[in-house]
file start38.pdb (PDB, C-alpha atoms)
ATOM      1  CA  MET C   1     -15.381  35.711  21.543
ATOM      2  CA  LYS C   2     -14.720  35.351  17.820
ATOM      3  CA  ASN C   3     -14.519  38.630  15.909
ATOM      4  CA  VAL C   4     -16.721  39.069  12.831
ATOM      5  CA  ASN C   5     -13.525  39.825  10.901
ATOM      6  CA  SER C   6     -12.370  36.284  11.663
ATOM      7  CA  ASP C   7     -15.405  34.971   9.781
ATOM      8  CA  ILE C   8     -14.668  37.311   6.881
ATOM      9  CA  ALA C   9     -11.039  36.154   6.759
ATOM     10  CA  TYR C  10     -12.069  32.507   7.076
ATOM     11  CA  GLU C  11     -14.520  32.678   4.158
ATOM     12  CA  HIS C  12     -12.061  34.637   2.012
ATOM     13  CA  ILE C  13      -9.182  32.186   2.494
ATOM     14  CA  ARG C  14     -11.354  29.060   2.343
ATOM     15  CA  LYS C  15     -12.994  30.158  -0.912
ATOM     16  CA  ARG C  16      -9.628  30.743  -2.552
ATOM     17  CA  ILE C  17      -8.266  27.413  -1.373
ATOM     18  CA  LEU C  18     -11.293  25.576  -2.785
ATOM     19  CA  ASN C  19     -11.272  27.384  -6.134
ATOM     20  CA  GLY C  20      -7.542  26.779  -6.568
ATOM     21  CA  THR C  21      -6.359  30.379  -6.212
ATOM     22  CA  TYR C  22      -4.252  29.239  -3.267
ATOM     23  CA  ARG C  23      -2.700  25.930  -4.350
ATOM     24  CA  SER C  24      -1.664  22.912  -2.308
ATOM     25  CA  GLY C  25       1.613  23.704  -0.534
ATOM     26  CA  GLN C  26       1.352  27.468  -1.080
ATOM     27  CA  PRO C  27       2.530  29.598   1.900
ATOM     28  CA  LEU C  28      -0.178  31.717   3.534
ATOM     29  CA  MET C  29       1.528  34.807   4.922
ATOM     30  CA  THR C  30      -0.476  36.498   7.671
ATOM     31  CA  LYS C  31       0.727  39.996   6.775
ATOM     32  CA  ASP C  32      -0.110  39.605   3.075
ATOM     33  CA  LEU C  33      -3.513  38.044   3.769
ATOM     34  CA  ALA C  34      -4.434  40.799   6.214
ATOM     35  CA  ALA C  35      -3.639  43.442   3.593
ATOM     36  CA  GLU C  36      -5.506  41.535   0.883
ATOM     37  CA  ILE C  37      -8.634  41.033   2.988
ATOM     38  CA  GLY C  38      -8.546  44.438   4.691
ATOM     39  CA  VAL C  39      -8.434  43.227   8.292
ATOM     40  CA  SER C  40      -5.816  43.065  11.028
ATOM     41  CA  ARG C  41      -3.527  40.062  11.485
ATOM     42  CA  THR C  42      -5.388  38.677  14.521
ATOM     43  CA  PRO C  43      -8.554  37.600  12.638
ATOM     44  CA  VAL C  44      -6.358  36.111   9.903
ATOM     45  CA  ARG C  45      -4.552  33.997  12.509
ATOM     46  CA  ASP C  46      -7.933  32.915  13.921
ATOM     47  CA  ALA C  47      -9.101  31.968  10.421
ATOM     48  CA  LEU C  48      -5.949  29.978   9.700
ATOM     49  CA  ARG C  49      -6.347  28.021  12.939
ATOM     50  CA  GLN C  50      -9.936  27.174  11.990
ATOM     51  CA  LEU C  51      -8.850  26.116   8.512
ATOM     52  CA  GLU C  52      -6.193  23.928  10.112
ATOM     53  CA  ALA C  53      -8.962  22.237  12.133
ATOM     54  CA  ASP C  54     -10.880  21.753   8.856
ATOM     55  CA  GLY C  55      -7.868  19.976   7.356
ATOM     56  CA  LEU C  56      -7.230  22.592   4.664
ATOM     57  CA  VAL C  57      -4.225  24.360   6.181
ATOM     58  CA  VAL C  58      -1.042  23.245   7.950
ATOM     59  CA  ILE C  59       0.593  25.513  10.559
ATOM     60  CA  ARG C  60       4.190  24.758  11.534
ATOM     61  CA  ALA C  61       6.204  26.453  14.267
ATOM     62  CA  HIS C  62       8.674  29.006  12.860
ATOM     63  CA  LEU C  63       7.471  28.278   9.286
ATOM     64  CA  GLY C  64       3.929  29.630   9.383
ATOM     65  CA  ALA C  65       0.861  28.436   7.515
ATOM     66  CA  SER C  66       0.478  26.823   4.107
ATOM     67  CA  VAL C  67      -2.274  25.145   2.125
ATOM     68  CA  LYS C  68      -2.588  21.445   2.949
ATOM     69  CA  THR C  69      -0.378  19.038   1.097
ATOM     70  CA  MET C  70      -0.014  15.274   1.504
ATOM     71  CA  THR C  71       2.551  12.606   0.938
ATOM     72  CA  PHE C  72       1.551   9.745  -1.338
ATOM     73  CA  GLN C  73       1.145   7.451   1.698
ATOM     74  CA  GLU C  74      -1.049   9.959   3.554
ATOM     75  CA  PHE C  75      -3.244  10.337   0.485
ATOM     76  CA  LYS C  76      -3.663   6.556   0.170
ATOM     77  CA  GLU C  77      -4.654   6.330   3.830
ATOM     78  CA  MET C  78      -7.232   9.096   3.419
ATOM     79  CA  CYS C  79      -8.655   7.326   0.361
ATOM     80  CA  GLY C  80      -9.044   4.123   2.375
ATOM     81  CA  LEU C  81     -11.032   6.003   4.996
ATOM     82  CA  ARG C  82     -13.253   7.539   2.334
ATOM     83  CA  LEU C  83     -13.870   4.110   0.800
ATOM     84  CA  ALA C  84     -15.006   2.667   4.121
ATOM     85  CA  LEU C  85     -17.240   5.601   5.031
ATOM     86  CA  GLU C  86     -18.989   6.000   1.674
ATOM     87  CA  SER C  87     -19.661   2.277   1.355
ATOM     88  CA  TYR C  88     -21.147   2.314   4.854
ATOM     89  CA  ALA C  89     -23.232   5.377   3.940
ATOM     90  CA  ALA C  90     -24.703   3.569   0.930
ATOM     91  CA  GLY C  91     -25.731   0.667   3.165
ATOM     92  CA  LEU C  92     -27.373   3.045   5.632
ATOM     93  CA  ALA C  93     -29.150   4.797   2.766
ATOM     94  CA  ALA C  94     -30.603   1.484   1.579
ATOM     95  CA  GLU C  95     -31.875   0.939   5.105
ATOM     96  CA  ASN C  96     -33.209   4.428   5.866
ATOM     97  CA  ARG C  97     -34.111   6.154   2.572
ATOM     98  CA  THR C  98     -37.472   7.842   2.149
ATOM     99  CA  THR C  99     -39.557   8.302  -0.989
ATOM    100  CA  ASP C 100     -38.451  11.941  -1.259
ATOM    101  CA  GLU C 101     -34.783  10.980  -0.932
ATOM    102  CA  LEU C 102     -35.156   8.326  -3.634
ATOM    103  CA  ARG C 103     -36.769  10.945  -5.847
ATOM    104  CA  GLU C 104     -33.791  13.296  -5.296
ATOM    105  CA  MET C 105     -31.378  10.510  -6.251
ATOM    106  CA  ARG C 106     -33.453   9.664  -9.311
ATOM    107  CA  LEU C 107     -33.552  13.265 -10.530
ATOM    108  CA  ALA C 108     -29.764  13.516 -10.268
ATOM    109  CA  LEU C 109     -29.342  10.117 -11.917
ATOM    110  CA  ASP C 110     -31.577  11.032 -14.868
ATOM    111  CA  ALA C 111     -29.762  14.353 -15.312
ATOM    112  CA  MET C 112     -26.418  12.525 -15.258
ATOM    113  CA  ARG C 113     -27.630  10.173 -17.976
ATOM    114  CA  GLU C 114     -28.733  13.100 -20.129
ATOM    115  CA  PHE C 115     -25.394  14.898 -19.780
ATOM    116  CA  THR C 116     -23.437  11.668 -20.263
ATOM    117  CA  ASN C 117     -25.268  10.968 -23.533
ATOM    118  CA  ARG C 118     -24.741  14.551 -24.673
ATOM    119  CA  HIS C 119     -21.001  14.289 -23.990
ATOM    120  CA  LEU C 120     -20.754  10.891 -25.714
ATOM    121  CA  ALA C 121     -22.450  12.355 -28.804
ATOM    122  CA  SER C 122     -19.935  15.205 -28.993
ATOM    123  CA  PRO C 123     -16.932  14.537 -31.293
ATOM    124  CA  GLU C 124     -14.647  16.443 -28.911
ATOM    125  CA  LYS C 125     -14.340  17.114 -25.204
ATOM    126  CA  ASP C 126     -17.406  19.085 -24.107
ATOM    127  CA  GLN C 127     -16.189  20.895 -20.989
ATOM    128  CA  ALA C 128     -19.480  22.692 -20.307
ATOM    129  CA  THR C 129     -21.372  19.398 -20.326
ATOM    130  CA  ILE C 130     -18.695  17.767 -18.159
ATOM    131  CA  GLU C 131     -19.144  20.497 -15.535
ATOM    132  CA  GLU C 132     -22.921  19.912 -15.523
ATOM    133  CA  LEU C 133     -22.294  16.183 -15.244
ATOM    134  CA  LYS C 134     -19.974  16.689 -12.270
ATOM    135  CA  ARG C 135     -22.607  18.816 -10.530
ATOM    136  CA  GLU C 136     -25.274  16.127 -10.884
ATOM    137  CA  ASP C 137     -22.784  13.445  -9.810
ATOM    138  CA  VAL C 138     -22.172  15.398  -6.600
ATOM    139  CA  ARG C 139     -25.927  15.868  -6.109
ATOM    140  CA  PHE C 140     -26.439  12.101  -6.426
ATOM    141  CA  HIS C 141     -23.803  11.294  -3.812
ATOM    142  CA  ILE C 142     -24.990  14.039  -1.447
ATOM    143  CA  ALA C 143     -28.523  12.628  -1.655
ATOM    144  CA  ILE C 144     -27.191   9.199  -0.649
ATOM    145  CA  ILE C 145     -25.197  10.612   2.258
ATOM    146  CA  GLY C 146     -28.271  12.533   3.401
ATOM    147  CA  ALA C 147     -30.409   9.394   3.191
ATOM    148  CA  ALA C 148     -27.942   7.614   5.489
ATOM    149  CA  LYS C 149     -29.226   9.872   8.299
ATOM    150  CA  ASN C 150     -25.919  10.068  10.130
ATOM    151  CA  GLU C 151     -24.752  13.661  10.574
ATOM    152  CA  LEU C 152     -21.307  12.752  11.908
ATOM    153  CA  LEU C 153     -20.724  10.495   8.903
ATOM    154  CA  LYS C 154     -21.942  13.179   6.499
ATOM    155  CA  LYS C 155     -19.664  15.815   8.022
ATOM    156  CA  GLU C 156     -16.581  13.596   7.806
ATOM    157  CA  VAL C 157     -17.254  12.417   4.240
ATOM    158  CA  LEU C 158     -17.689  16.009   3.057
ATOM    159  CA  ARG C 159     -14.491  17.038   4.855
ATOM    160  CA  LEU C 160     -12.538  14.236   3.174
ATOM    161  CA  HIS C 161     -13.909  15.239  -0.237
ATOM    162  CA  ILE C 162     -12.812  18.836   0.276
ATOM    163  CA  VAL C 163      -9.326  17.896   1.476
ATOM    164  CA  SER C 164      -8.938  15.444  -1.414
ATOM    165  CA  ARG C 165      -9.900  18.129  -3.900
ATOM    166  CA  VAL C 166      -7.412  20.595  -2.462
ATOM    167  CA  VAL C 167      -4.428  18.218  -2.401
ATOM    168  CA  THR C 168      -5.090  16.855  -5.914
ATOM    169  CA  THR C 169      -5.971  20.098  -7.746
ATOM    170  CA  LYS C 170      -2.339  20.909  -8.545
ATOM    171  CA  VAL C 171      -1.766  17.376  -9.847
ATOM    172  CA  VAL C 172      -4.853  17.241 -12.057
ATOM    173  CA  ASN C 173      -4.297  20.714 -13.504
ATOM    174  CA  SER C 174      -0.580  20.356 -14.182
ATOM    175  CA  ASP C 175       0.504  19.931 -17.790
ATOM    176  CA  GLY C 176       2.024  16.556 -18.471
ATOM    177  CA  TYR C 177       0.264  14.637 -15.723
ATOM    178  CA  LEU C 178      -2.871  13.797 -17.673
ATOM    179  CA  THR C 179      -3.369  13.262 -21.410
ATOM    180  CA  TYR C 180      -6.962  13.484 -22.592
ATOM    181  CA  ASP C 181      -8.243  10.621 -24.741
ATOM    182  CA  LYS C 182     -11.892  10.943 -25.817
ATOM    183  CA  SER C 183     -12.418   7.212 -26.357
ATOM    184  CA  VAL C 184     -10.998   6.352 -22.924
ATOM    185  CA  ASP C 185     -13.043   9.114 -21.301
ATOM    186  CA  ASP C 186     -16.231   7.918 -23.032
ATOM    187  CA  ALA C 187     -15.705   4.360 -21.796
ATOM    188  CA  HIS C 188     -15.097   5.678 -18.284
ATOM    189  CA  ARG C 189     -18.278   7.773 -18.304
ATOM    190  CA  ARG C 190     -20.382   4.820 -19.497
ATOM    191  CA  GLU C 191     -18.974   2.750 -16.648
ATOM    192  CA  VAL C 192     -19.672   5.502 -14.101
ATOM    193  CA  GLN C 193     -23.269   5.771 -15.290
ATOM    194  CA  THR C 194     -23.665   1.996 -14.956
ATOM    195  CA  HIS C 195     -22.275   2.128 -11.400
ATOM    196  CA  HIS C 196     -24.712   4.877 -10.441
ATOM    197  CA  ASP C 197     -27.643   2.967 -11.917
ATOM    198  CA  GLU C 198     -26.671  -0.117  -9.890
ATOM    199  CA  ILE C 199     -26.216   1.917  -6.691
ATOM    200  CA  TYR C 200     -29.640   3.486  -7.113
ATOM    201  CA  ARG C 201     -31.364   0.154  -7.762
ATOM    202  CA  ALA C 202     -29.774  -1.390  -4.660
ATOM    203  CA  ILE C 203     -30.807   1.536  -2.449
ATOM    204  CA  GLU C 204     -34.305   1.605  -3.947
ATOM    205  CA  ALA C 205     -34.675  -2.128  -3.251
ATOM    206  CA  GLY C 206     -33.420  -1.692   0.311
ATOM    207  CA  ASP C 207     -30.589  -4.150  -0.387
ATOM    208  CA  VAL C 208     -27.953  -3.076   2.143
ATOM    209  CA  ALA C 209     -25.261  -5.573   1.096
ATOM    210  CA  ALA C 210     -25.610  -4.776  -2.623
ATOM    211  CA  ALA C 211     -25.603  -1.002  -2.018
ATOM    212  CA  LYS C 212     -22.386  -1.256   0.000
ATOM    213  CA  ALA C 213     -20.718  -3.560  -2.531
ATOM    214  CA  VAL C 214     -21.520  -1.461  -5.604
ATOM    215  CA  MET C 215     -20.577   1.793  -3.872
ATOM    216  CA  GLU C 216     -17.300   0.231  -2.754
ATOM    217  CA  ARG C 217     -16.479  -0.793  -6.334
ATOM    218  CA  HIS C 218     -17.422   2.659  -7.634
ATOM    219  CA  ILE C 219     -15.360   4.574  -5.055
ATOM    220  CA  GLN C 220     -12.445   2.157  -5.479
ATOM    221  CA  ASP C 221     -12.307   2.992  -9.205
ATOM    222  CA  ILE C 222     -12.278   6.726  -8.423
ATOM    223  CA  ILE C 223      -9.556   6.284  -5.810
ATOM    224  CA  GLU C 224      -7.363   4.162  -8.083
ATOM    225  CA  THR C 225      -7.482   6.902 -10.732
ATOM    226  CA  LYS C 226      -6.506   9.579  -8.205
ATOM    227  CA  ILE C 227      -3.743   7.415  -6.752
ATOM    228  CA  ARG C 228      -2.277   6.896 -10.249
ATOM    229  CA  GLN C 229      -2.313  10.674 -10.737
ATOM    230  CA  MET C 230      -0.591  11.235  -7.401
ATOM    231  CA  ALA C 231       1.983   8.528  -8.152
ATOM    232  CA  ARG C 232       2.801  10.118 -11.536
ATOM    233  CA  ALA C 233       3.121  13.494  -9.849
ATOM    234  CA  GLU C 234       5.495  12.086  -7.246
ATOM    235  CA  ASP C 235       7.593  10.411  -9.949
ATOM    236  CA  ARG C 236       7.747  13.663 -11.880
ATOM    237  CA  SER C 237       8.863  15.583  -8.794
ATOM    238  CA  VAL C 238      11.770  13.169  -8.415
ATOM    239  CA  THR C 239      12.822  13.630 -12.045
ATOM    240  CA  ARG C 240      12.290  17.396 -12.156
ATOM    241  CA  GLU C 241      14.196  19.673 -14.508
ATOM    242  CA  LEU C 242      17.462  21.098 -13.141
ATOM    243  CA  THR C 243      17.573  24.812 -12.410
ATOM    244  CA  GLU C 244      19.987  27.082 -14.257
ATOM    245  CA  GLU C 245      22.119  27.310 -11.112
ATOM    246  CA  GLU C 246      22.237  23.526 -10.768
ATOM    247  CA  LEU C 247      23.302  23.155 -14.387
ATOM    248  CA  HIS C 248      26.535  24.996 -13.481
ATOM    249  CA  TYR C 249      27.493  22.160 -11.147
ATOM    250  CA  THR C 250      30.440  20.194 -12.507
ATOM    251  CA  LEU C 251      31.959  16.912 -11.351
TER     252      LEU C 251
END
call {"tool": "encode", "arguments": {"input": "start38.pdb", "output": "structure tokens"}}
result
Amino acid sequence: MKNVNSDIAYEHIRKRILNGTYRSGQPLMTKDLAAEIGVSRTPVRDALRQLEADGLVVIRAHLGASVKTMTFQEFKEMCGLRLALESYAAGLAAENRTTDELREMRLALDAMREFTNRHLASPEKDQATIEELKREDVRFHIAIIGAAKNELLKKEVLRLHIVSRVVTTKVVNSDGYLTYDKSVDDAHRREVQTHHDEIYRAIEAGDVAAAKAVMERHIQDIIETKIRQMARAEDRSVTRELTEEELHYTL
């Protein structure tokens, strides 16, 4: 029987993985976590095993646990799975959506348009508006997944999103990997809004083929951006700076 402390440890560790406190690849020491959370080591081990099942943690014999990390190839394979599932979900949504579900999509879509226009009107990067825009973007996609009426599909898509976020957080937040360009960002956000408008119209019209096609194009664009980020990160890791000790090496 699972101890209540296992749930406490699970929520504590999971929250910190998702908010970036524990980064991709970071070791998760049972002793340190137990002291931090205020529980014994057993519930921490239980929590880590559950997080491994969720795809957020890797446990290796003799090495212990660490936050999930992926090779470039593994990440590409996961992206391909996400592309297939979300395109399929859009087709199911076009087939099964209700009036209330369309209304939920429309509310998110209208809010996205408002925040997109606000950001475009700003002369500089408006981070607060971007965060609001991201929230409505998520709400739009969640409404589509819900309208698909396939709980197994919904669970797997959400899991893939979470894992993707964890393994790419370090890349996206690292200095030197991304250079912000307002004009490029504005063009991207206009294109995203257009994609969402087209997805909504296809689902509203009950056009399964169009909904799948537009969603596939939209997700493919997102994936290509993330893959470029991962590729740059991998290149940078190969050409890393030498340590002080390594600089003492002489031929």
call {"tool": "atom_distance", "arguments": {"input": "start38.pdb", "atom1": "CA of Leu51 in chain C", "atom2": "CA of Glu36 in chain C"}}
result
17.5 Å
call {"tool": "closest_atom_pairs", "arguments": {"input": "start38.pdb", "of": "range 21-125 of chain C", "to": "range 189-210 of chain C", "cutoff": "8 Å", "atoms": "all atoms listed in the file", "output": "tab-separated table"}}
result
residue	atom	partner	partner_atom	distance
C:Ala90	CA	C:Ile203	CA	7.3
C:Gly91	CA	C:Val208	CA	4.5
C:Leu92	CA	C:Val208	CA	7.1
C:Ala93	CA	C:Ile203	CA	6.4
C:Ala94	CA	C:Ile203	CA	4.0
C:Glu95	CA	C:Gly206	CA	5.7
C:Arg97	CA	C:Ile203	CA	7.6
C:Leu102	CA	C:Glu204	CA	6.8
C:Met105	CA	C:Tyr200	CA	7.3
C:Arg106	CA	C:Tyr200	CA	7.6
C:Leu109	CA	C:His196	CA	7.1
C:Met112	CA	C:Gln193	CA	7.5
C:Arg113	CA	C:Gln193	CA	6.8
C:Thr116	CA	C:Arg189	CA	6.8
call {"tool": "axis_aligned_box", "arguments": {"input": "start38.pdb", "around": "range 199-210 of chain C", "padding_each_side": "8 Å", "output": "JSON"}}
result
{"center_x": -30.0, "center_y": -1.0, "center_z": -2.8, "size_x": 25.4, "size_y": 25.1, "size_z": 25.9}
call {"tool": "closest_residue", "arguments": {"input": "start38.pdb", "among": "C:Ser24, C:Asn5, C:Gln229, C:Ser66", "to": "Val44 in chain C", "atoms": "all atoms listed in the file"}}
result
C:Asn5
call {"tool": "atom_distance", "arguments": {"input": "start38.pdb", "atom1": "CA of Asp100 in chain C", "atom2": "CA of His161 in chain C"}}
result
24.8 Å
call {"tool": "atom_distance", "arguments": {"input": "start38.pdb", "atom1": "CA of Val4 in chain C", "atom2": "CA of Val39 in chain C"}}
result
10.3 Å
call {"tool": "closest_residue", "arguments": {"input": "start38.pdb", "among": "C:Ile222, C:Val167, C:Val138, C:Ala147", "to": "Phe75 in chain C", "atoms": "only C-alpha atoms"}}
result
C:Val167
call {"tool": "residues_near_point", "arguments": {"input": "start38.pdb", "point": "(-19.0, 16.5, -13.7)", "cutoff": "12 Å", "atoms": "all atoms listed in the file", "output": "list in words"}}
result
Ala108, Ala111, Met112, Arg113, Phe115, Thr116, His119, Asp126, Gln127, Ala128, Thr129, Ile130, Glu131, Glu132, Leu133, Lys134, Arg135, Glu136, Asp137, Val138, Arg139, Phe140, Arg189, Val192 and Gln193 of chain C
call {"tool": "residues_around", "arguments": {"input": "start38.pdb", "residues": "Ile59 in chain C", "least_positions_apart": "5", "cutoff": "12 Å", "atoms": "all atoms listed in the file", "output": "NGL selection string"}}
result
:C and (25-30 or 45-53 or 64-69)
call {"tool": "closest_residue", "arguments": {"input": "start38.pdb", "among": "C:Pro43, C:Pro123, C:Gly20, C:Gly146", "to": "Ile8 in chain C", "atoms": "all atoms listed in the file"}}
result
C:Pro43
call {"tool": "closest_residue", "arguments": {"input": "start38.pdb", "among": "C:Ala213, C:Leu83, C:Ala148, C:Leu63", "to": "Thr98 in chain C", "atoms": "all atoms listed in the file"}}
result
C:Ala148
